[in-house]
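Okay, data-v7.cif now, which holds mmCIF, C-alpha atoms:
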data_final
#
loop_
_atom_site.group_PDB
_atom_site.id
_atom_site.type_symbol
_atom_site.label_atom_id
_atom_site.label_comp_id
_atom_site.auth_asym_id
_atom_site.auth_seq_id
_atom_site.Cartn_x
_atom_site.Cartn_y
_atom_site.Cartn_z
ATOM 1 C CA MET A 60 41.511 8.279 1.636
ATOM 2 C CA GLY A 61 43.444 5.451 3.205
ATOM 3 C CA ASN A 62 41.208 5.455 6.261
ATOM 4 C CA LEU A 63 38.111 5.561 4.081
ATOM 5 C CA PHE A 64 38.986 2.458 2.056
ATOM 6 C CA GLY A 65 40.839 0.726 4.873
ATOM 7 C CA ARG A 66 37.937 0.927 7.337
ATOM 8 C CA LYS A 67 36.567 -2.447 8.260
ATOM 9 C CA ARG A 68 32.947 -2.960 7.406
ATOM 10 C CA ARG A 69 30.768 -4.319 10.154
ATOM 11 C CA SER A 70 29.884 -7.909 9.352
ATOM 12 C CA ARG A 71 26.219 -8.833 9.342
ATOM 13 C CA VAL A 72 27.045 -12.497 9.972
ATOM 14 C CA THR A 73 26.150 -13.393 13.541
ATOM 15 C CA GLU A 74 27.467 -16.198 15.695
ATOM 16 C CA GLN A 75 24.213 -18.032 15.128
ATOM 17 C CA ASP A 76 24.717 -17.801 11.376
ATOM 18 C CA LYS A 77 28.205 -19.257 11.715
ATOM 19 C CA ALA A 78 26.884 -22.085 13.870
ATOM 20 C CA VAL A 79 24.152 -22.891 11.332
ATOM 21 C CA LEU A 80 26.717 -22.912 8.538
ATOM 22 C CA GLN A 81 28.993 -25.322 10.420
ATOM 23 C CA LEU A 82 26.100 -27.639 11.220
ATOM 24 C CA LYS A 83 25.020 -27.704 7.582
ATOM 25 C CA GLN A 84 28.566 -28.467 6.476
ATOM 26 C CA GLN A 85 28.758 -31.384 8.925
ATOM 27 C CA ARG A 86 25.393 -32.612 7.699
ATOM 28 C CA ASP A 87 26.558 -32.511 4.086
ATOM 29 C CA LYS A 88 29.711 -34.472 4.953
ATOM 30 C CA LEU A 89 27.628 -37.120 6.714
ATOM 31 C CA LYS A 90 25.365 -37.378 3.685
ATOM 32 C CA GLN A 91 28.386 -37.924 1.452
ATOM 33 C CA TYR A 92 29.645 -40.606 3.849
ATOM 34 C CA GLN A 93 26.179 -42.173 3.876
ATOM 35 C CA LYS A 94 26.093 -42.292 0.096
ATOM 36 C CA ARG A 95 29.549 -43.899 -0.010
ATOM 37 C CA ILE A 96 28.557 -46.604 2.499
ATOM 38 C CA THR A 97 25.359 -47.339 0.549
ATOM 39 C CA LEU A 98 27.378 -47.919 -2.625
ATOM 40 C CA ASN A 99 29.793 -50.177 -0.718
ATOM 41 C CA LEU A 100 26.914 -52.218 0.678
ATOM 42 C CA GLU A 101 25.495 -52.838 -2.768
ATOM 43 C CA ARG A 102 28.880 -53.802 -4.115
ATOM 44 C CA GLU A 103 29.731 -56.117 -1.197
ATOM 45 C CA ARG A 104 26.366 -57.843 -1.474
ATOM 46 C CA ALA A 105 27.100 -58.586 -5.127
ATOM 47 C CA VAL A 106 30.579 -59.875 -4.190
ATOM 48 C CA ALA A 107 29.121 -62.109 -1.450
ATOM 49 C CA ARG A 108 26.673 -63.555 -3.978
ATOM 50 C CA GLN A 109 29.539 -64.345 -6.334
ATOM 51 C CA LEU A 110 31.572 -65.946 -3.532
ATOM 52 C CA LEU A 111 28.654 -68.245 -2.733
ATOM 53 C CA ARG A 112 28.473 -69.264 -6.372
ATOM 54 C CA ASP A 113 32.185 -70.054 -6.269
ATOM 55 C CA GLY A 114 31.729 -72.184 -3.125
ATOM 56 C CA LYS A 115 33.631 -69.756 -0.858
ATOM 57 C CA LYS A 116 31.097 -69.703 1.925
ATOM 58 C CA GLU A 117 33.456 -68.553 4.720
ATOM 59 C CA LYS A 118 34.607 -65.508 2.744
ATOM 60 C CA ALA A 119 31.017 -64.746 1.893
ATOM 61 C CA MET A 120 30.093 -64.908 5.602
ATOM 62 C CA LEU A 121 32.989 -62.604 6.538
ATOM 63 C CA LEU A 122 31.954 -60.140 3.885
ATOM 64 C CA LEU A 123 28.333 -60.236 5.067
ATOM 65 C CA LYS A 124 29.481 -59.527 8.651
ATOM 66 C CA LYS A 125 31.374 -56.521 7.383
ATOM 67 C CA LYS A 126 28.294 -55.476 5.464
ATOM 68 C CA ARG A 127 26.177 -55.788 8.583
ATOM 69 C CA TYR A 128 28.572 -53.568 10.551
ATOM 70 C CA GLN A 129 28.441 -50.950 7.816
ATOM 71 C CA GLU A 130 24.644 -51.071 7.888
ATOM 72 C CA GLN A 131 24.760 -50.258 11.600
ATOM 73 C CA LEU A 132 27.085 -47.355 10.821
ATOM 74 C CA LEU A 133 24.599 -46.256 8.188
ATOM 75 C CA ASP A 134 21.800 -46.209 10.778
ATOM 76 C CA LYS A 135 23.944 -44.171 13.168
ATOM 77 C CA THR A 136 24.812 -41.780 10.375
ATOM 78 C CA GLU A 137 21.121 -41.322 9.569
ATOM 79 C CA ASN A 138 20.407 -40.496 13.224
ATOM 80 C CA GLN A 139 23.243 -37.983 13.329
ATOM 81 C CA ILE A 140 21.991 -36.327 10.161
ATOM 82 C CA SER A 141 18.513 -36.070 11.678
ATOM 83 C CA ASN A 142 19.949 -34.540 14.858
ATOM 84 C CA LEU A 143 21.958 -31.976 12.889
ATOM 85 C CA GLU A 144 18.978 -30.997 10.745
ATOM 86 C CA ARG A 145 16.773 -30.655 13.828
ATOM 87 C CA MET A 146 19.420 -28.494 15.506
ATOM 88 C CA VAL A 147 19.665 -26.276 12.421
ATOM 89 C CA GLN A 148 15.912 -25.869 12.380
ATOM 90 C CA ASP A 149 15.865 -25.022 16.092
ATOM 91 C CA ILE A 150 18.537 -22.340 15.664
ATOM 92 C CA GLU A 151 16.839 -20.829 12.627
ATOM 93 C CA PHE A 152 13.471 -20.792 14.392
ATOM 94 C CA THR A 153 15.080 -19.196 17.445
ATOM 95 C CA GLN A 154 16.504 -16.477 15.200
ATOM 96 C CA ILE A 155 13.013 -15.830 13.860
ATOM 97 C CA GLU A 156 11.660 -15.657 17.421
ATOM 98 C CA MET A 157 14.377 -13.175 18.359
ATOM 99 C CA LYS A 158 13.415 -10.948 15.418
ATOM 100 C CA VAL A 159 9.757 -11.158 16.415
ATOM 101 C CA ILE A 160 10.601 -10.262 20.014
ATOM 102 C CA GLU A 161 12.754 -7.351 18.827
ATOM 103 C CA GLY A 162 9.883 -6.130 16.666
ATOM 104 C CA LEU A 163 7.473 -6.401 19.580
ATOM 105 C CA LYS A 164 9.926 -4.490 21.757
ATOM 106 C CA ILE A 165 10.200 -1.652 19.238
ATOM 107 C CA GLY A 166 6.420 -1.581 18.805
ATOM 108 C CA ASN A 167 5.902 -1.476 22.563
ATOM 109 C CA GLU A 168 8.334 1.426 22.932
ATOM 110 C CA CYS A 169 6.556 3.279 20.136
ATOM 111 C CA LEU A 170 3.166 2.750 21.787
ATOM 112 C CA ASN A 171 4.503 3.946 25.128
ATOM 113 C CA LYS A 172 5.815 7.151 23.528
ATOM 114 C CA MET A 173 2.464 7.710 21.837
ATOM 115 C CA HIS A 174 0.674 7.167 25.135
ATOM 116 C CA GLU A 175 2.940 9.721 26.794
ATOM 117 C CA VAL A 176 2.046 12.303 24.147
ATOM 118 C CA MET A 177 -1.658 11.451 24.078
ATOM 119 C CA SER A 178 -2.957 10.580 27.511
ATOM 120 C CA ILE A 179 -6.439 9.271 28.276
ATOM 121 C CA GLU A 180 -7.413 12.655 29.749
ATOM 122 C CA GLU A 181 -6.315 14.391 26.540
ATOM 123 C CA VAL A 182 -8.317 12.001 24.395
ATOM 124 C CA GLU A 183 -11.408 12.500 26.548
ATOM 125 C CA ARG A 184 -10.999 16.278 26.333
ATOM 126 C CA ILE A 185 -10.752 16.190 22.533
ATOM 127 C CA ILE A 186 -13.803 13.927 22.272
ATOM 128 C CA ASP A 187 -15.800 16.239 24.544
ATOM 129 C CA GLU A 188 -14.787 19.307 22.525
ATOM 130 C CA THR A 189 -15.709 17.569 19.295
ATOM 131 C CA GLN A 190 -19.122 16.599 20.639
ATOM 132 C CA ASP A 191 -19.692 20.167 21.853
ATOM 133 C CA ALA A 192 -18.776 21.547 18.429
ATOM 134 C CA VAL A 193 -21.131 19.111 16.699
ATOM 135 C CA GLU A 194 -23.956 19.992 19.074
ATOM 136 C CA TYR A 195 -23.334 23.720 18.563
ATOM 137 C CA GLN A 196 -23.432 23.347 14.796
ATOM 138 C CA ARG A 197 -26.643 21.335 15.033
ATOM 139 C CA GLN A 198 -28.269 24.095 17.069
ATOM 140 C CA ILE A 199 -27.215 26.693 14.502
ATOM 141 C CA ASP A 200 -28.653 24.595 11.691
ATOM 142 C CA GLU A 201 -31.940 24.234 13.554
ATOM 143 C CA MET A 202 -32.117 27.973 14.205
ATOM 144 C CA LEU A 203 -31.474 28.828 10.562
ATOM 145 C CA ALA A 204 -33.967 26.256 9.361
ATOM 146 C CA GLY A 205 -36.672 27.573 11.685
ATOM 147 C CA SER A 206 -36.070 31.287 10.964
ATOM 148 C CA LEU A 207 -36.567 31.064 7.201
ATOM 149 C CA SER A 208 -40.158 31.389 6.011
ATOM 150 C CA ALA A 209 -41.653 30.384 2.679
ATOM 151 C CA GLU A 210 -41.208 33.943 1.426
ATOM 152 C CA ASP A 211 -37.526 33.816 2.337
ATOM 153 C CA GLU A 212 -37.128 30.591 0.412
ATOM 154 C CA ASP A 213 -38.806 32.176 -2.654
ATOM 155 C CA ALA A 214 -36.563 35.239 -2.396
ATOM 156 C CA ILE A 215 -33.491 33.012 -2.241
ATOM 157 C CA LEU A 216 -34.616 31.163 -5.364
ATOM 158 C CA GLU A 217 -35.253 34.428 -7.219
ATOM 159 C CA GLU A 218 -31.798 35.702 -6.286
ATOM 160 C CA LEU A 219 -30.268 32.465 -7.477
ATOM 161 C CA ASN A 220 -32.066 32.760 -10.847
ATOM 162 C CA ALA A 221 -30.946 36.372 -11.198
ATOM 163 C CA ILE A 222 -27.314 35.421 -10.573
ATOM 164 C CA THR A 223 -27.621 32.612 -13.105
ATOM 165 C CA GLN A 224 -28.988 34.972 -15.775
ATOM 166 C CA GLU A 225 -26.235 37.495 -15.131
ATOM 167 C CA GLU A 226 -23.668 34.890 -16.008
ATOM 168 C CA VAL A 227 -25.232 34.379 -19.501
ATOM 169 C CA LYS A 228 -23.250 36.468 -22.003
ATOM 170 C CA LEU A 229 -25.032 37.652 -25.157
ATOM 171 C CA PRO A 230 -23.108 37.503 -28.457
ATOM 172 C CA GLU A 231 -21.819 40.836 -29.690
ATOM 173 C CA VAL A 232 -23.496 42.326 -32.785
ATOM 174 C CA PRO A 233 -20.964 43.177 -35.512
ATOM 175 C CA THR A 234 -20.566 46.936 -36.100
ATOM 176 C CA GLU A 235 -18.808 46.791 -39.455
ATOM 177 C CA PRO A 236 -20.975 47.495 -42.538
ATOM 178 C CA LEU A 237 -21.920 44.536 -44.679
ATOM 179 C CA PRO A 238 -20.559 44.346 -48.206
ATOM 180 C CA GLU A 239 -22.851 45.646 -50.901
ATOM 181 C CA GLY A 240 -24.241 43.594 -53.718
ATOM 182 C CA ILE A 241 -24.961 40.501 -51.588
ATOM 183 C CA PRO A 242 -28.679 40.780 -50.846
ATOM 184 C CA GLY A 243 -28.946 37.110 -49.882
ATOM 185 C CA ARG A 244 -26.419 37.486 -47.063
ATOM 186 C CA ILE A 245 -28.034 40.725 -45.855
ATOM 187 C CA SER A 246 -31.445 39.162 -45.599
ATOM 188 C CA LEU A 247 -29.979 36.117 -43.820
ATOM 189 C CA PHE A 248 -28.175 38.327 -41.313
ATOM 190 C CA ASN A 249 -31.354 40.350 -40.670
ATOM 191 C CA CYS A 250 -33.282 37.148 -40.105
ATOM 192 C CA MET A 251 -30.684 35.813 -37.625
ATOM 193 C CA THR A 252 -30.587 39.153 -35.768
ATOM 194 C CA SER A 253 -34.333 39.239 -35.370
ATOM 195 C CA CYS A 254 -34.330 35.623 -34.140
ATOM 196 C CA PHE A 255 -31.683 36.352 -31.492
ATOM 197 C CA SER A 256 -33.647 39.434 -30.381
ATOM 198 C CA CYS A 257 -36.815 37.377 -29.962
ATOM 199 C CA ILE A 258 -35.031 34.674 -28.004
ATOM 200 C CA PHE A 259 -33.242 36.913 -25.530
ATOM 201 C CA SER A 260 -36.244 39.208 -25.100
ATOM 202 C CA GLU A 261 -38.174 36.168 -23.864
ATOM 203 C CA VAL A 262 -35.357 35.305 -21.483
#
Encoded form using structure tokens:
Amino acid sequence: MGNLFGRKRRSRVTEQDKAVLQLKQQRDKLKQYQKRITLNLERERAVARQLLRDGKKEKAMLLLKKKRYQEQLLDKTENQISNLERMVQDIEFTQIEMKVIEGLKIGNECLNKMHEVMSIEEVERIIDETQDAVEYQRQIDEMLAGSLSAEDEDAILEELNAITQEEVKLPEVPTEPLPEGIPGRISLFNCMTSCFSCIFSEV
């Protein structure tokens, strides 16, 4: 029991997956840094505007220089983010290519095994045998069609009609005596019996 529950399960996370995860984490950190710099730039621009109103031009210039440096950092950060995203996409696409190649490899092995079982000579033999069987059946059909005369066709039809009539089952006539004192029912029964006799005698 201890070995059963203590056995380590094989991780499905590959080294490529770990690399993609790390790259995405770095990208997210750079985006957070980018957002923080953008907020600082907006705030420092507002402060520089206020310093100019207060007549503190030198401080405003110093603050604008700092702002300009941060803007350059922001451009570098944007380039790094683009590089990380492109690298993530390249790794993910490579993983897809590897799966496609693995699938092609398995399919190729399967085709090779099928070709070993069914060679070209075997396929040609089966096709030839099939064509021979079809040709043989066609010859039999032609022989049967030519050997039957019009009289044979009529005899076949008569036999078919006879078999069809044999399958028709006539209703059984009741053997029990009819109750007395009901002349209307007796006459109706006699009429129905005579009608059935006429119908089936014609058949």
Next on the checklist: As an exercise, work out the distance from atom CA of A:Ile150 to atom CA of A:Val79 in Å and give it to one decimal place.
Outcome noted: 7.1 Å
Item to check | Exercise: A:Lys94 partners within 12 Å, all atoms listed in the file, chain neighbours under 6 positions left out, as number ranges by chain | outcome: A: 87-88, 100-101, 129-130, 132-133, 136-137
Checklist entry - When the PyMOL selection byres ((chain A and resi 143-145) around 8) is applied to the file above, which residues end up in the set, as a PyMOL selection string? => result chain A and resi 82-83+85-86+139-142+146-149
Checklist outcome for this item: Using all atoms listed in the file, the residue out of A:Lys164, A:Lys90, A:Arg184, A:Arg102 with shortest distance to A:Leu123 is A:Arg102
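For the pair atom CA of A:Ala192 and atom CA of A:His174, the separation is 25.1 Å.
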Item to check | Point-to-point distance in Å for atom CA of A:Leu80 and atom CA of A:Ile155 | outcome: 16.3 Å
Checklist outcome for this item: Counting all atoms listed in the file, closest pick from A:Asn167, A:Gln190, A:Gln154, A:Gln198 relative to A:Asp76 is A:Gln154
